[in-house]
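A quick write-up on the structure given underneath.
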Amino acid sequence: GFSLAAIGEREDPRDAFVSNRYTGLDDLPPGSVVGTSSLRRESQLRARFPHLHVQPLRGNVQTMLRKLDEDQYAAIILAAAGLKRLGLVDRIAALLTPEMSLPAVGQGALGIECRTDRPDLITLMKPLHHLDTAQCVEAERAMSRALGGSCQVPLGGFGQISQGVLRLRGFVASPDGTRMISSELSGDPESGELMGAQLASHLKDQGAEEILAALA
């Protein structure tokens, strides 16, 4: 009985490196403790920076920042969108490119849901709907659905539209980062959901299902 009436324009979809002492992941000395609440981030960190110690990070944003300030971590990784929306952009030491940390499906985008039997509300929401963002997010979500994605799965998906072409990237990894399968494709933004399903199929062909089965 509910529908997604609008998807607003996306805030910064990238992950943010937050630290009081270091300017980026490359600056962290071996053995540094990095905190994250995301298996997606953890798997990518472990794959690309095996000399770092990645540890769980729990709590709301303020609690996470307090733990950093108490020197429980050398750095923490959070969503840039959340920090910016909370007026905490000054805490961001660096922004991680999608090549370094592929964002989560839908990261930075806000969906507005309402009852399907309220066409008046759906009409009111139309000016808030951002087509490019919606097409990217729909493609990302289609990929995630096809892979059974959840917060317990190290999975990332990110779409970008440039000059009328949708570029969709995705990956599935083992939590320890020892196995990482990635793929991408490009196509018509209006075919985003189909592209998402196709990308998921490409990942499965490379062995994604084996990784996902091990997590069950």
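Please note that chains go A, B, ... in the order of the structure tokens, that every chain numbers its residues from 1, and that ligands are numbered from 1 in the order shown.
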List the neighbours of Leu199 (chain A) out to 7 Å using only C-alpha atoms; skip same-chain residues closer than 2 positions along the sequence, and give me the result as a ChimeraX atom specification. /A:143,183-185,195-197,201-203
Select from region 150-196 of chain A every residue with an atom at most 10 Å from any atom of region 30-38 of chain A, then for each give the shortest pair of atoms and their distance in Å to one decimal, using only C-alpha atoms, rows by chain and rising number, as JSON lines.
```
{"residue": "A:Cys151", "atom": "CA", "partner": "A:Ser38", "partner_atom": "CA", "distance": 7.5}
{"residue": "A:Gln152", "atom": "CA", "partner": "A:Ser38", "partner_atom": "CA", "distance": 8.6}
{"residue": "A:Val153", "atom": "CA", "partner": "A:Ser38", "partner_atom": "CA", "distance": 9.2}
{"residue": "A:Pro154", "atom": "CA", "partner": "A:Ser38", "partner_atom": "CA", "distance": 7.9}
{"residue": "A:Leu155", "atom": "CA", "partner": "A:Ser38", "partner_atom": "CA", "distance": 9.8}
{"residue": "A:Pro175", "atom": "CA", "partner": "A:Ser38", "partner_atom": "CA", "distance": 9.9}
```
Hey, can you spit out that residue selection with all heavy atoms as a PDB file, in the first residue's frame?
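result-v3.pdb, written as the output of this step:
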```
ATOM      1  N   CYS A 151      22.545  -5.185   4.762  1.00  0.00           N
ATOM      2  CA  CYS A 151      23.642  -4.589   5.527  1.00  0.00           C
ATOM      3  C   CYS A 151      24.638  -5.646   5.999  1.00  0.00           C
ATOM      4  O   CYS A 151      25.702  -5.314   6.522  1.00  0.00           O
ATOM      5  CB  CYS A 151      23.100  -3.790   6.710  1.00  0.00           C
ATOM      6  SG  CYS A 151      22.128  -4.773   7.866  1.00  0.00           S
ATOM      7  N   GLN A 152      24.286  -6.930   5.832  1.00  0.00           N
ATOM      8  CA  GLN A 152      25.172  -8.014   6.228  1.00  0.00           C
ATOM      9  C   GLN A 152      25.998  -8.545   5.058  1.00  0.00           C
ATOM     10  O   GLN A 152      26.704  -9.539   5.201  1.00  0.00           O
ATOM     11  CB  GLN A 152      24.349  -9.167   6.831  1.00  0.00           C
ATOM     12  CG  GLN A 152      23.506  -8.765   8.027  1.00  0.00           C
ATOM     13  CD  GLN A 152      24.314  -8.150   9.148  1.00  0.00           C
ATOM     14  OE1 GLN A 152      25.389  -8.650   9.479  1.00  0.00           O
ATOM     15  NE2 GLN A 152      23.826  -7.058   9.719  1.00  0.00           N
ATOM     16  N   VAL A 153      25.892  -7.876   3.914  1.00  0.00           N
ATOM     17  CA  VAL A 153      26.607  -8.318   2.716  1.00  0.00           C
ATOM     18  C   VAL A 153      27.603  -7.249   2.286  1.00  0.00           C
ATOM     19  O   VAL A 153      27.215  -6.087   2.093  1.00  0.00           O
ATOM     20  CB  VAL A 153      25.617  -8.603   1.562  1.00  0.00           C
ATOM     21  CG1 VAL A 153      26.366  -8.961   0.288  1.00  0.00           C
ATOM     22  CG2 VAL A 153      24.663  -9.717   1.945  1.00  0.00           C
ATOM     23  N   PRO A 154      28.885  -7.597   2.136  1.00  0.00           N
ATOM     24  CA  PRO A 154      29.876  -6.634   1.635  1.00  0.00           C
ATOM     25  C   PRO A 154      29.660  -6.401   0.144  1.00  0.00           C
ATOM     26  O   PRO A 154      30.209  -7.094  -0.702  1.00  0.00           O
ATOM     27  CB  PRO A 154      31.223  -7.319   1.914  1.00  0.00           C
ATOM     28  CG  PRO A 154      30.925  -8.438   2.852  1.00  0.00           C
ATOM     29  CD  PRO A 154      29.530  -8.864   2.532  1.00  0.00           C
ATOM     30  N   LEU A 155      28.849  -5.426  -0.159  1.00  0.00           N
ATOM     31  CA  LEU A 155      28.419  -5.177  -1.533  1.00  0.00           C
ATOM     32  C   LEU A 155      28.346  -3.678  -1.759  1.00  0.00           C
ATOM     33  O   LEU A 155      27.891  -2.923  -0.899  1.00  0.00           O
ATOM     34  CB  LEU A 155      27.058  -5.839  -1.749  1.00  0.00           C
ATOM     35  CG  LEU A 155      26.270  -5.642  -3.040  1.00  0.00           C
ATOM     36  CD1 LEU A 155      25.333  -6.834  -3.237  1.00  0.00           C
ATOM     37  CD2 LEU A 155      25.439  -4.360  -3.007  1.00  0.00           C
ATOM     38  N   PRO A 175      34.194 -10.530   3.650  1.00  0.00           N
ATOM     39  CA  PRO A 175      34.420  -9.505   4.669  1.00  0.00           C
ATOM     40  C   PRO A 175      35.896  -9.200   4.927  1.00  0.00           C
ATOM     41  O   PRO A 175      36.251  -8.064   5.253  1.00  0.00           O
ATOM     42  CB  PRO A 175      33.752 -10.103   5.920  1.00  0.00           C
ATOM     43  CG  PRO A 175      32.681 -10.992   5.371  1.00  0.00           C
ATOM     44  CD  PRO A 175      33.275 -11.588   4.123  1.00  0.00           C
TER      45      PRO A 175
END
```
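For the set A:Ala200, A:Leu147, A:Ala109, A:Met64, the residue with the smallest atom-to-atom gap to Leu212 (chain A) is A:Leu147, counting only C-alpha atoms.
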Select from region 3-169 of chain A everything DSSP, run on the backbone, classes as strand (DSSP E), then give the selection as an NGL selection string. :A and (3-7 or 15-18 or 33-36 or 53-56 or 75-79 or 94-96 or 111-115 or 155-162 or 165-169)
Could you write those residues out with N, CA and C atoms, as a short mmCIF file (atom, residue, chain, number, x, y, z; two decimals), in the first residue's frame?
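This went into result_37.cif:
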```
data_model
loop_
_atom_site.label_atom_id
_atom_site.label_comp_id
_atom_site.auth_asym_id
_atom_site.auth_seq_id
_atom_site.Cartn_x
_atom_site.Cartn_y
_atom_site.Cartn_z
N SER A 3 4.17 3.58 -1.88
CA SER A 3 4.98 3.75 -3.09
C SER A 3 6.05 4.80 -2.84
N LEU A 4 7.10 4.72 -3.64
CA LEU A 4 8.18 5.69 -3.55
C LEU A 4 7.80 6.87 -4.45
N ALA A 5 7.36 7.95 -3.82
CA ALA A 5 6.81 9.07 -4.58
C ALA A 5 7.89 9.93 -5.23
N ALA A 6 9.05 10.02 -4.60
CA ALA A 6 10.10 10.87 -5.13
C ALA A 6 11.45 10.45 -4.57
N ILE A 7 12.48 10.66 -5.38
CA ILE A 7 13.87 10.50 -4.93
C ILE A 7 14.54 11.84 -5.17
N ASP A 15 32.41 8.17 0.40
CA ASP A 15 32.78 7.93 1.78
C ASP A 15 33.78 9.00 2.21
N ALA A 16 33.78 9.31 3.49
CA ALA A 16 34.66 10.35 4.02
C ALA A 16 35.66 9.76 5.00
N PHE A 17 36.89 10.20 4.87
CA PHE A 17 37.96 9.85 5.80
C PHE A 17 37.98 10.91 6.90
N VAL A 18 37.82 10.49 8.13
CA VAL A 18 37.75 11.43 9.25
C VAL A 18 38.87 11.08 10.24
N VAL A 33 44.55 1.79 13.66
CA VAL A 33 43.19 1.27 13.82
C VAL A 33 42.22 2.20 13.09
N VAL A 34 41.47 1.62 12.17
CA VAL A 34 40.47 2.37 11.41
C VAL A 34 39.10 1.80 11.75
N GLY A 35 38.16 2.67 12.08
CA GLY A 35 36.83 2.23 12.47
C GLY A 35 35.82 2.42 11.36
N THR A 36 34.92 1.44 11.22
CA THR A 36 33.81 1.56 10.27
C THR A 36 32.67 0.67 10.73
N HIS A 53 44.55 -2.03 10.70
CA HIS A 53 43.66 -2.84 11.53
C HIS A 53 42.25 -2.21 11.46
N VAL A 54 41.34 -2.89 10.82
CA VAL A 54 39.98 -2.39 10.69
C VAL A 54 39.14 -2.96 11.82
N GLN A 55 38.50 -2.07 12.57
CA GLN A 55 37.74 -2.47 13.74
C GLN A 55 36.30 -1.96 13.63
N PRO A 56 35.34 -2.69 14.24
CA PRO A 56 33.95 -2.24 14.19
C PRO A 56 33.77 -0.89 14.89
N ALA A 75 41.54 6.74 12.72
CA ALA A 75 40.66 7.35 11.73
C ALA A 75 39.37 6.53 11.67
N ILE A 76 38.32 7.15 11.17
CA ILE A 76 37.06 6.44 10.94
C ILE A 76 36.56 6.82 9.55
N ILE A 77 35.74 5.93 8.98
CA ILE A 77 35.18 6.16 7.66
C ILE A 77 33.67 6.26 7.79
N LEU A 78 33.12 7.38 7.34
CA LEU A 78 31.68 7.63 7.42
C LEU A 78 31.18 8.09 6.05
N ALA A 79 29.87 8.13 5.90
CA ALA A 79 29.30 8.66 4.66
C ALA A 79 29.42 10.18 4.65
N ALA A 94 39.36 13.99 4.27
CA ALA A 94 39.51 13.68 2.85
C ALA A 94 38.27 12.93 2.37
N LEU A 95 37.98 13.05 1.10
CA LEU A 95 36.88 12.32 0.48
C LEU A 95 37.47 11.19 -0.34
N LEU A 96 36.92 10.00 -0.20
CA LEU A 96 37.44 8.83 -0.89
C LEU A 96 36.77 8.69 -2.26
N GLY A 111 14.80 8.94 -0.37
CA GLY A 111 13.53 8.62 -1.00
C GLY A 111 12.38 9.06 -0.12
N ILE A 112 11.30 9.51 -0.72
CA ILE A 112 10.12 9.92 0.02
C ILE A 112 8.99 8.95 -0.31
N GLU A 113 8.49 8.29 0.71
CA GLU A 113 7.46 7.27 0.54
C GLU A 113 6.12 7.80 1.03
N CYS A 114 5.07 7.39 0.36
CA CYS A 114 3.73 7.75 0.81
C CYS A 114 2.75 6.65 0.40
N ARG A 115 1.52 6.77 0.85
CA ARG A 115 0.51 5.78 0.51
C ARG A 115 0.17 5.84 -0.97
N LEU A 155 28.85 -5.43 -0.16
CA LEU A 155 28.42 -5.18 -1.53
C LEU A 155 28.35 -3.68 -1.76
N GLY A 156 28.78 -3.24 -2.92
CA GLY A 156 28.67 -1.83 -3.27
C GLY A 156 28.12 -1.68 -4.67
N GLY A 157 27.42 -0.59 -4.92
CA GLY A 157 26.89 -0.31 -6.24
C GLY A 157 26.77 1.18 -6.45
N PHE A 158 27.23 1.66 -7.59
CA PHE A 158 27.24 3.10 -7.79
C PHE A 158 27.02 3.43 -9.26
N GLY A 159 26.02 4.27 -9.52
CA GLY A 159 25.73 4.71 -10.88
C GLY A 159 26.02 6.19 -11.05
N GLN A 160 26.51 6.56 -12.22
CA GLN A 160 26.75 7.96 -12.57
C GLN A 160 26.30 8.19 -14.00
N ILE A 161 25.66 9.32 -14.25
CA ILE A 161 25.23 9.67 -15.60
C ILE A 161 26.07 10.82 -16.11
N SER A 162 26.66 10.62 -17.27
CA SER A 162 27.48 11.66 -17.91
C SER A 162 27.18 11.65 -19.41
N VAL A 165 24.79 8.98 -20.66
CA VAL A 165 25.15 7.57 -20.52
C VAL A 165 25.27 7.22 -19.04
N LEU A 166 24.64 6.14 -18.64
CA LEU A 166 24.71 5.66 -17.26
C LEU A 166 25.84 4.66 -17.13
N ARG A 167 26.78 4.96 -16.26
CA ARG A 167 27.87 4.03 -15.92
C ARG A 167 27.55 3.42 -14.56
N LEU A 168 27.43 2.11 -14.53
CA LEU A 168 27.06 1.40 -13.31
C LEU A 168 28.18 0.46 -12.90
N ARG A 169 28.66 0.64 -11.66
CA ARG A 169 29.73 -0.21 -11.13
C ARG A 169 29.23 -0.97 -9.91
#
```
Could you go through region 98-210 of chain A and tell me which residues DSSP, when run on the backbone, assigns to helix (DSSP H, G or I), listing them as a PDB file with N, CA, C and O atoms, in the first residue's frame?
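In the end it all went to states_34.pdb:
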```
ATOM      1  N   PRO A 119      -2.943   9.918  -4.487  1.00  0.00           N
ATOM      2  CA  PRO A 119      -2.365  10.531  -5.689  1.00  0.00           C
ATOM      3  C   PRO A 119      -2.117  12.026  -5.513  1.00  0.00           C
ATOM      4  O   PRO A 119      -1.252  12.594  -6.186  1.00  0.00           O
ATOM      5  N   ASP A 120      -2.900  12.655  -4.614  1.00  0.00           N
ATOM      6  CA  ASP A 120      -2.669  14.080  -4.374  1.00  0.00           C
ATOM      7  C   ASP A 120      -1.287  14.313  -3.785  1.00  0.00           C
ATOM      8  O   ASP A 120      -0.582  15.258  -4.162  1.00  0.00           O
ATOM      9  N   LEU A 121      -0.869  13.452  -2.845  1.00  0.00           N
ATOM     10  CA  LEU A 121       0.466  13.581  -2.257  1.00  0.00           C
ATOM     11  C   LEU A 121       1.556  13.246  -3.271  1.00  0.00           C
ATOM     12  O   LEU A 121       2.591  13.918  -3.325  1.00  0.00           O
ATOM     13  N   ILE A 122       1.323  12.220  -4.057  1.00  0.00           N
ATOM     14  CA  ILE A 122       2.301  11.836  -5.077  1.00  0.00           C
ATOM     15  C   ILE A 122       2.527  12.991  -6.046  1.00  0.00           C
ATOM     16  O   ILE A 122       3.661  13.290  -6.432  1.00  0.00           O
ATOM     17  N   THR A 123       1.440  13.677  -6.416  1.00  0.00           N
ATOM     18  CA  THR A 123       1.559  14.831  -7.304  1.00  0.00           C
ATOM     19  C   THR A 123       2.356  15.954  -6.649  1.00  0.00           C
ATOM     20  O   THR A 123       3.189  16.599  -7.295  1.00  0.00           O
ATOM     21  N   LEU A 124       2.102  16.189  -5.353  1.00  0.00           N
ATOM     22  CA  LEU A 124       2.829  17.233  -4.631  1.00  0.00           C
ATOM     23  C   LEU A 124       4.328  16.947  -4.564  1.00  0.00           C
ATOM     24  O   LEU A 124       5.148  17.868  -4.515  1.00  0.00           O
ATOM     25  N   MET A 125       4.697  15.664  -4.556  1.00  0.00           N
ATOM     26  CA  MET A 125       6.106  15.282  -4.434  1.00  0.00           C
ATOM     27  C   MET A 125       6.870  15.398  -5.749  1.00  0.00           C
ATOM     28  O   MET A 125       8.100  15.415  -5.750  1.00  0.00           O
ATOM     29  N   LYS A 126       6.170  15.479  -6.861  1.00  0.00           N
ATOM     30  CA  LYS A 126       6.834  15.436  -8.163  1.00  0.00           C
ATOM     31  C   LYS A 126       7.945  16.475  -8.335  1.00  0.00           C
ATOM     32  O   LYS A 126       8.992  16.175  -8.918  1.00  0.00           O
ATOM     33  N   PRO A 127       7.774  17.723  -7.853  1.00  0.00           N
ATOM     34  CA  PRO A 127       8.857  18.703  -8.024  1.00  0.00           C
ATOM     35  C   PRO A 127      10.148  18.324  -7.288  1.00  0.00           C
ATOM     36  O   PRO A 127      11.219  18.853  -7.607  1.00  0.00           O
ATOM     37  N   LEU A 128      10.040  17.434  -6.305  1.00  0.00           N
ATOM     38  CA  LEU A 128      11.220  17.017  -5.550  1.00  0.00           C
ATOM     39  C   LEU A 128      11.961  15.861  -6.212  1.00  0.00           C
ATOM     40  O   LEU A 128      13.069  15.512  -5.809  1.00  0.00           O
ATOM     41  N   LEU A 131      15.456  13.242 -11.668  1.00  0.00           N
ATOM     42  CA  LEU A 131      15.469  12.116 -12.601  1.00  0.00           C
ATOM     43  C   LEU A 131      16.822  11.402 -12.648  1.00  0.00           C
ATOM     44  O   LEU A 131      16.881  10.171 -12.581  1.00  0.00           O
ATOM     45  N   ASP A 132      17.919  12.151 -12.775  1.00  0.00           N
ATOM     46  CA  ASP A 132      19.234  11.507 -12.870  1.00  0.00           C
ATOM     47  C   ASP A 132      19.528  10.660 -11.631  1.00  0.00           C
ATOM     48  O   ASP A 132      20.006   9.522 -11.735  1.00  0.00           O
ATOM     49  N   THR A 133      19.239  11.229 -10.464  1.00  0.00           N
ATOM     50  CA  THR A 133      19.467  10.486  -9.224  1.00  0.00           C
ATOM     51  C   THR A 133      18.608   9.238  -9.195  1.00  0.00           C
ATOM     52  O   THR A 133      19.081   8.141  -8.858  1.00  0.00           O
ATOM     53  N   ALA A 134      17.343   9.389  -9.559  1.00  0.00           N
ATOM     54  CA  ALA A 134      16.426   8.248  -9.525  1.00  0.00           C
ATOM     55  C   ALA A 134      16.882   7.142 -10.463  1.00  0.00           C
ATOM     56  O   ALA A 134      16.845   5.955 -10.103  1.00  0.00           O
ATOM     57  N   GLN A 135      17.337   7.504 -11.648  1.00  0.00           N
ATOM     58  CA  GLN A 135      17.773   6.485 -12.601  1.00  0.00           C
ATOM     59  C   GLN A 135      19.012   5.751 -12.094  1.00  0.00           C
ATOM     60  O   GLN A 135      19.125   4.521 -12.242  1.00  0.00           O
ATOM     61  N   CYS A 136      19.919   6.477 -11.470  1.00  0.00           N
ATOM     62  CA  CYS A 136      21.114   5.839 -10.898  1.00  0.00           C
ATOM     63  C   CYS A 136      20.735   4.910  -9.748  1.00  0.00           C
ATOM     64  O   CYS A 136      21.189   3.755  -9.687  1.00  0.00           O
ATOM     65  N   VAL A 137      19.919   5.404  -8.847  1.00  0.00           N
ATOM     66  CA  VAL A 137      19.553   4.620  -7.670  1.00  0.00           C
ATOM     67  C   VAL A 137      18.721   3.395  -8.045  1.00  0.00           C
ATOM     68  O   VAL A 137      18.891   2.315  -7.464  1.00  0.00           O
ATOM     69  N   GLU A 138      17.847   3.550  -9.018  1.00  0.00           N
ATOM     70  CA  GLU A 138      17.043   2.401  -9.457  1.00  0.00           C
ATOM     71  C   GLU A 138      17.938   1.300 -10.018  1.00  0.00           C
ATOM     72  O   GLU A 138      17.712   0.107  -9.775  1.00  0.00           O
ATOM     73  N   ALA A 139      18.972   1.692 -10.751  1.00  0.00           N
ATOM     74  CA  ALA A 139      19.913   0.706 -11.291  1.00  0.00           C
ATOM     75  C   ALA A 139      20.695   0.032 -10.159  1.00  0.00           C
ATOM     76  O   ALA A 139      20.871  -1.195 -10.155  1.00  0.00           O
ATOM     77  N   GLU A 140      21.145   0.830  -9.213  1.00  0.00           N
ATOM     78  CA  GLU A 140      21.901   0.282  -8.082  1.00  0.00           C
ATOM     79  C   GLU A 140      21.044  -0.692  -7.271  1.00  0.00           C
ATOM     80  O   GLU A 140      21.495  -1.777  -6.887  1.00  0.00           O
ATOM     81  N   ARG A 141      19.804  -0.294  -7.019  1.00  0.00           N
ATOM     82  CA  ARG A 141      18.915  -1.129  -6.212  1.00  0.00           C
ATOM     83  C   ARG A 141      18.548  -2.426  -6.935  1.00  0.00           C
ATOM     84  O   ARG A 141      18.392  -3.481  -6.302  1.00  0.00           O
ATOM     85  N   ALA A 142      18.419  -2.360  -8.242  1.00  0.00           N
ATOM     86  CA  ALA A 142      18.120  -3.569  -9.014  1.00  0.00           C
ATOM     87  C   ALA A 142      19.273  -4.567  -8.902  1.00  0.00           C
ATOM     88  O   ALA A 142      19.053  -5.778  -8.772  1.00  0.00           O
ATOM     89  N   MET A 143      20.491  -4.061  -8.963  1.00  0.00           N
ATOM     90  CA  MET A 143      21.655  -4.933  -8.797  1.00  0.00           C
ATOM     91  C   MET A 143      21.654  -5.573  -7.415  1.00  0.00           C
ATOM     92  O   MET A 143      21.861  -6.780  -7.258  1.00  0.00           O
ATOM     93  N   SER A 144      21.405  -4.758  -6.393  1.00  0.00           N
ATOM     94  CA  SER A 144      21.413  -5.254  -5.019  1.00  0.00           C
ATOM     95  C   SER A 144      20.323  -6.299  -4.790  1.00  0.00           C
ATOM     96  O   SER A 144      20.559  -7.335  -4.157  1.00  0.00           O
ATOM     97  N   ARG A 145      19.128  -6.035  -5.312  1.00  0.00           N
ATOM     98  CA  ARG A 145      18.031  -6.997  -5.171  1.00  0.00           C
ATOM     99  C   ARG A 145      18.389  -8.348  -5.779  1.00  0.00           C
ATOM    100  O   ARG A 145      18.125  -9.399  -5.204  1.00  0.00           O
ATOM    101  N   ALA A 146      18.982  -8.304  -6.963  1.00  0.00           N
ATOM    102  CA  ALA A 146      19.325  -9.540  -7.661  1.00  0.00           C
ATOM    103  C   ALA A 146      20.392 -10.343  -6.920  1.00  0.00           C
ATOM    104  O   ALA A 146      20.493 -11.555  -7.095  1.00  0.00           O
ATOM    105  N   LEU A 147      21.166  -9.653  -6.088  1.00  0.00           N
ATOM    106  CA  LEU A 147      22.224 -10.317  -5.328  1.00  0.00           C
ATOM    107  C   LEU A 147      21.813 -10.605  -3.886  1.00  0.00           C
ATOM    108  O   LEU A 147      22.590 -11.153  -3.108  1.00  0.00           O
ATOM    109  N   PRO A 189      20.259   5.428 -19.507  1.00  0.00           N
ATOM    110  CA  PRO A 189      19.746   5.619 -18.146  1.00  0.00           C
ATOM    111  C   PRO A 189      18.316   5.116 -17.959  1.00  0.00           C
ATOM    112  O   PRO A 189      17.945   4.705 -16.860  1.00  0.00           O
ATOM    113  N   GLU A 190      17.528   5.115 -19.026  1.00  0.00           N
ATOM    114  CA  GLU A 190      16.150   4.649 -18.911  1.00  0.00           C
ATOM    115  C   GLU A 190      16.069   3.129 -18.746  1.00  0.00           C
ATOM    116  O   GLU A 190      15.013   2.597 -18.397  1.00  0.00           O
ATOM    117  N   SER A 191      17.189   2.442 -18.982  1.00  0.00           N
ATOM    118  CA  SER A 191      17.238   0.988 -18.833  1.00  0.00           C
ATOM    119  C   SER A 191      17.985   0.595 -17.563  1.00  0.00           C
ATOM    120  O   SER A 191      18.558  -0.488 -17.478  1.00  0.00           O
ATOM    121  N   GLY A 192      17.956   1.478 -16.564  1.00  0.00           N
ATOM    122  CA  GLY A 192      18.739   1.272 -15.359  1.00  0.00           C
ATOM    123  C   GLY A 192      18.436  -0.027 -14.626  1.00  0.00           C
ATOM    124  O   GLY A 192      19.351  -0.728 -14.187  1.00  0.00           O
ATOM    125  N   GLU A 193      17.157  -0.357 -14.492  1.00  0.00           N
ATOM    126  CA  GLU A 193      16.806  -1.573 -13.755  1.00  0.00           C
ATOM    127  C   GLU A 193      17.318  -2.809 -14.480  1.00  0.00           C
ATOM    128  O   GLU A 193      17.821  -3.749 -13.852  1.00  0.00           O
ATOM    129  N   LEU A 194      17.209  -2.824 -15.789  1.00  0.00           N
ATOM    130  CA  LEU A 194      17.733  -3.936 -16.568  1.00  0.00           C
ATOM    131  C   LEU A 194      19.251  -4.016 -16.440  1.00  0.00           C
ATOM    132  O   LEU A 194      19.823  -5.112 -16.289  1.00  0.00           O
ATOM    133  N   MET A 195      19.901  -2.869 -16.459  1.00  0.00           N
ATOM    134  CA  MET A 195      21.350  -2.835 -16.307  1.00  0.00           C
ATOM    135  C   MET A 195      21.767  -3.388 -14.954  1.00  0.00           C
ATOM    136  O   MET A 195      22.758  -4.115 -14.834  1.00  0.00           O
ATOM    137  N   GLY A 196      21.005  -3.037 -13.919  1.00  0.00           N
ATOM    138  CA  GLY A 196      21.316  -3.539 -12.586  1.00  0.00           C
ATOM    139  C   GLY A 196      21.250  -5.054 -12.534  1.00  0.00           C
ATOM    140  O   GLY A 196      22.123  -5.712 -11.957  1.00  0.00           O
ATOM    141  N   ALA A 197      20.215  -5.619 -13.149  1.00  0.00           N
ATOM    142  CA  ALA A 197      20.074  -7.071 -13.186  1.00  0.00           C
ATOM    143  C   ALA A 197      21.204  -7.706 -13.997  1.00  0.00           C
ATOM    144  O   ALA A 197      21.732  -8.765 -13.614  1.00  0.00           O
ATOM    145  N   GLN A 198      21.582  -7.057 -15.088  1.00  0.00           N
ATOM    146  CA  GLN A 198      22.670  -7.582 -15.918  1.00  0.00           C
ATOM    147  C   GLN A 198      24.002  -7.535 -15.169  1.00  0.00           C
ATOM    148  O   GLN A 198      24.796  -8.484 -15.246  1.00  0.00           O
ATOM    149  N   LEU A 199      24.242  -6.457 -14.442  1.00  0.00           N
ATOM    150  CA  LEU A 199      25.488  -6.347 -13.691  1.00  0.00           C
ATOM    151  C   LEU A 199      25.557  -7.421 -12.610  1.00  0.00           C
ATOM    152  O   LEU A 199      26.609  -8.036 -12.386  1.00  0.00           O
ATOM    153  N   ALA A 200      24.433  -7.652 -11.939  1.00  0.00           N
ATOM    154  CA  ALA A 200      24.385  -8.712 -10.927  1.00  0.00           C
ATOM    155  C   ALA A 200      24.699 -10.063 -11.560  1.00  0.00           C
ATOM    156  O   ALA A 200      25.426 -10.883 -10.978  1.00  0.00           O
ATOM    157  N   SER A 201      24.182 -10.300 -12.768  1.00  0.00           N
ATOM    158  CA  SER A 201      24.450 -11.552 -13.472  1.00  0.00           C
ATOM    159  C   SER A 201      25.928 -11.692 -13.804  1.00  0.00           C
ATOM    160  O   SER A 201      26.511 -12.782 -13.657  1.00  0.00           O
ATOM    161  N   HIS A 202      26.561 -10.594 -14.211  1.00  0.00           N
ATOM    162  CA  HIS A 202      27.992 -10.622 -14.495  1.00  0.00           C
ATOM    163  C   HIS A 202      28.794 -10.966 -13.236  1.00  0.00           C
ATOM    164  O   HIS A 202      29.762 -11.743 -13.296  1.00  0.00           O
ATOM    165  N   LEU A 203      28.401 -10.395 -12.106  1.00  0.00           N
ATOM    166  CA  LEU A 203      29.089 -10.683 -10.849  1.00  0.00           C
ATOM    167  C   LEU A 203      28.898 -12.145 -10.440  1.00  0.00           C
ATOM    168  O   LEU A 203      29.836 -12.793  -9.963  1.00  0.00           O
ATOM    169  N   LYS A 204      27.698 -12.657 -10.653  1.00  0.00           N
ATOM    170  CA  LYS A 204      27.445 -14.069 -10.340  1.00  0.00           C
ATOM    171  C   LYS A 204      28.294 -14.979 -11.218  1.00  0.00           C
ATOM    172  O   LYS A 204      28.804 -16.005 -10.759  1.00  0.00           O
ATOM    173  N   ASP A 205      28.446 -14.605 -12.485  1.00  0.00           N
ATOM    174  CA  ASP A 205      29.256 -15.408 -13.403  1.00  0.00           C
ATOM    175  C   ASP A 205      30.710 -15.490 -12.948  1.00  0.00           C
ATOM    176  O   ASP A 205      31.409 -16.462 -13.260  1.00  0.00           O
ATOM    177  N   ALA A 208      30.260 -14.521  -7.541  1.00  0.00           N
ATOM    178  CA  ALA A 208      29.675 -13.777  -6.432  1.00  0.00           C
ATOM    179  C   ALA A 208      28.778 -14.654  -5.553  1.00  0.00           C
ATOM    180  O   ALA A 208      28.731 -14.492  -4.344  1.00  0.00           O
ATOM    181  N   GLU A 209      28.071 -15.598  -6.181  1.00  0.00           N
ATOM    182  CA  GLU A 209      27.162 -16.443  -5.417  1.00  0.00           C
ATOM    183  C   GLU A 209      27.912 -17.296  -4.397  1.00  0.00           C
ATOM    184  O   GLU A 209      27.396 -17.565  -3.305  1.00  0.00           O
ATOM    185  N   GLU A 210      29.104 -17.711  -4.734  1.00  0.00           N
ATOM    186  CA  GLU A 210      29.906 -18.502  -3.794  1.00  0.00           C
ATOM    187  C   GLU A 210      30.256 -17.675  -2.562  1.00  0.00           C
ATOM    188  O   GLU A 210      30.195 -18.154  -1.435  1.00  0.00           O
TER     189      GLU A 210
END
```
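Proximity of A:Leu102, A:Leu88, A:Val61, A:Ala80 to Leu45 (chain A), computed with only C-alpha atoms, is greatest for A:Leu102.
The smallest atom-to-atom distance between Gln62 (chain A) and any of A:Leu86, A:Ile181, A:Ala81, A:Ala47, using only C-alpha atoms, is found for A:Leu86.
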Can you tell me how far CA of Phe49 (chain A) sits from CA of Leu28 (chain A), in Å to one decimal? 9.6 Å
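CA of Glu70 (chain A) is found 25.2 Å from CA of Gln44 (chain A).
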So which one's closest to His130 (chain A), A:Ser19, A:Arg118, A:Glu11, A:Leu39? Using only C-alpha atoms, please. A:Glu11
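The two atoms in question, CA of Arg66 (chain A) and CA of Glu42 (chain A), are spaced 20.2 Å apart.
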